[in-house]
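Engineer: Below is a structure I'd like to ask you about.
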Amino acid sequence: MLKKYCVIIEEAVSDEFEVEAESEIDAVKKGIAAYKAGEFILEPGEIECRKIAAMEENENMDFSDAEWIKF
């Protein structure tokens, strides 16, 4: 008999953006602000990692314990 499964796919995307700042901490703060303001957009950028996991459907699904497979 066939069972129902929930499949989740996760991608990590990256891109580079230039900011002028007084320090690394300042650069990170400016980068976060620009990202939240929609000034830095990942379209789609470089895919660094792609992974998939599947779990049998039930009420207590928790993908933190799932076995992730890179593909």
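Going through the structure tokens in order, the chains are called A, B, and so on, while each chain numbers its residues from 1 and the ligands are numbered from 1 in the order shown.
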If you run DSSP on this backbone, which residues of range 7-43 of chain A come out as helix (DSSP H, G or I), and could you give them as a PDB file with N, CA and C atoms, in the first residue's frame?

Structural biologist:
```
ATOM      1  N   GLU A  24      34.082  45.550   9.937  1.00  0.00           N
ATOM      2  CA  GLU A  24      33.316  44.374   9.494  1.00  0.00           C
ATOM      3  C   GLU A  24      31.930  44.367  10.130  1.00  0.00           C
ATOM      4  N   ILE A  25      31.850  44.726  11.401  1.00  0.00           N
ATOM      5  CA  ILE A  25      30.549  44.764  12.082  1.00  0.00           C
ATOM      6  C   ILE A  25      29.642  45.796  11.423  1.00  0.00           C
ATOM      7  N   ASP A  26      30.187  46.961  11.094  1.00  0.00           N
ATOM      8  CA  ASP A  26      29.433  47.998  10.409  1.00  0.00           C
ATOM      9  C   ASP A  26      28.982  47.505   9.032  1.00  0.00           C
ATOM     10  N   ALA A  27      29.853  46.788   8.334  1.00  0.00           N
ATOM     11  CA  ALA A  27      29.509  46.250   7.011  1.00  0.00           C
ATOM     12  C   ALA A  27      28.361  45.253   7.119  1.00  0.00           C
ATOM     13  N   VAL A  28      28.407  44.390   8.128  1.00  0.00           N
ATOM     14  CA  VAL A  28      27.328  43.413   8.329  1.00  0.00           C
ATOM     15  C   VAL A  28      26.019  44.140   8.624  1.00  0.00           C
ATOM     16  N   LYS A  29      26.051  45.134   9.510  1.00  0.00           N
ATOM     17  CA  LYS A  29      24.843  45.897   9.837  1.00  0.00           C
ATOM     18  C   LYS A  29      24.268  46.568   8.596  1.00  0.00           C
ATOM     19  N   LYS A  30      25.139  47.169   7.781  1.00  0.00           N
ATOM     20  CA  LYS A  30      24.682  47.817   6.549  1.00  0.00           C
ATOM     21  C   LYS A  30      24.140  46.791   5.555  1.00  0.00           C
ATOM     22  N   GLY A  31      24.770  45.635   5.489  1.00  0.00           N
ATOM     23  CA  GLY A  31      24.294  44.574   4.602  1.00  0.00           C
ATOM     24  C   GLY A  31      22.918  44.076   5.001  1.00  0.00           C
ATOM     25  N   ILE A  32      22.706  43.863   6.304  1.00  0.00           N
ATOM     26  CA  ILE A  32      21.394  43.426   6.792  1.00  0.00           C
ATOM     27  C   ILE A  32      20.336  44.490   6.500  1.00  0.00           C
ATOM     28  N   ALA A  33      20.669  45.749   6.754  1.00  0.00           N
ATOM     29  CA  ALA A  33      19.721  46.836   6.497  1.00  0.00           C
ATOM     30  C   ALA A  33      19.358  46.917   5.012  1.00  0.00           C
ATOM     31  N   ALA A  34      20.364  46.790   4.146  1.00  0.00           N
ATOM     32  CA  ALA A  34      20.115  46.860   2.704  1.00  0.00           C
ATOM     33  C   ALA A  34      19.277  45.670   2.236  1.00  0.00           C
ATOM     34  N   TYR A  35      19.533  44.486   2.805  1.00  0.00           N
ATOM     35  CA  TYR A  35      18.755  43.291   2.452  1.00  0.00           C
ATOM     36  C   TYR A  35      17.298  43.466   2.879  1.00  0.00           C
ATOM     37  N   LYS A  36      17.088  43.906   4.116  1.00  0.00           N
ATOM     38  CA  LYS A  36      15.721  44.091   4.626  1.00  0.00           C
ATOM     39  C   LYS A  36      14.976  45.183   3.865  1.00  0.00           C
TER      40      LYS A  36
END
```

Engineer: Determine which residues of chain A receive a DSSP assignment of strand (DSSP E or B), computed from the backbone, and state them as JSON, numbers by chain.

Structural biologist: {"A": [5, 6, 7, 8, 9, 10, 11, 12, 13, 14, 46, 47, 48, 49, 50, 51, 52, 53, 54, 55, 56, 69, 70]}

Engineer: Using only C-alpha atoms, which protein or nucleic acid residues come within 8 Å of range 38-49 of chain A? Drop anything in the same chain fewer than 6 positions from it, and give the result as a list in words.

Structural biologist: Glu11, Ala12, Val13, Ser14, Asp15, Phe17, Gly31 and Lys70 of chain A

Engineer: Can I get the selection written as a PDB file, in the first residue's frame, with N, CA and C atoms?

Structural biologist:
```pdb
ATOM      1  N   GLU A  11      17.421  25.124  -0.450  1.00  0.00           N
ATOM      2  CA  GLU A  11      18.552  25.640  -1.222  1.00  0.00           C
ATOM      3  C   GLU A  11      19.216  26.766  -0.438  1.00  0.00           C
ATOM      4  N   ALA A  12      20.519  26.811  -0.537  1.00  0.00           N
ATOM      5  CA  ALA A  12      21.269  27.945   0.008  1.00  0.00           C
ATOM      6  C   ALA A  12      21.826  28.716  -1.184  1.00  0.00           C
ATOM      7  N   VAL A  13      21.434  29.963  -1.293  1.00  0.00           N
ATOM      8  CA  VAL A  13      21.827  30.804  -2.416  1.00  0.00           C
ATOM      9  C   VAL A  13      22.721  31.928  -1.897  1.00  0.00           C
ATOM     10  N   SER A  14      23.721  32.287  -2.681  1.00  0.00           N
ATOM     11  CA  SER A  14      24.592  33.386  -2.260  1.00  0.00           C
ATOM     12  C   SER A  14      24.865  34.321  -3.421  1.00  0.00           C
ATOM     13  N   ASP A  15      25.223  35.525  -3.083  1.00  0.00           N
ATOM     14  CA  ASP A  15      25.646  36.525  -4.059  1.00  0.00           C
ATOM     15  C   ASP A  15      26.517  37.530  -3.305  1.00  0.00           C
ATOM     16  N   PHE A  17      27.786  41.541  -2.564  1.00  0.00           N
ATOM     17  CA  PHE A  17      27.372  42.937  -2.634  1.00  0.00           C
ATOM     18  C   PHE A  17      28.472  43.762  -1.988  1.00  0.00           C
ATOM     19  N   GLY A  31      24.770  45.635   5.489  1.00  0.00           N
ATOM     20  CA  GLY A  31      24.294  44.574   4.602  1.00  0.00           C
ATOM     21  C   GLY A  31      22.918  44.076   5.001  1.00  0.00           C
ATOM     22  N   LYS A  70      22.161  15.644  -0.031  1.00  0.00           N
ATOM     23  CA  LYS A  70      22.563  16.681  -1.000  1.00  0.00           C
ATOM     24  C   LYS A  70      22.370  16.127  -2.401  1.00  0.00           C
TER      25      LYS A  70
END
```

Engineer: Extract, using only C-alpha atoms, all DNA, RNA and protein residues at most 10 Å from Cys6 in chain A, discarding same-chain residues fewer than 4 positions from it, and format them as a list in words.

Structural biologist: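 The contact residues come out as Ala53, Ala54, Met55, Glu56, Glu57, Asn58, Met61 and Phe63 of chain A.
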
Engineer: Between CA of Asp62 in chain A and CA of Leu2 in chain A, measure the distance and give it in Å to one decimal.

Structural biologist: 21.3 Å
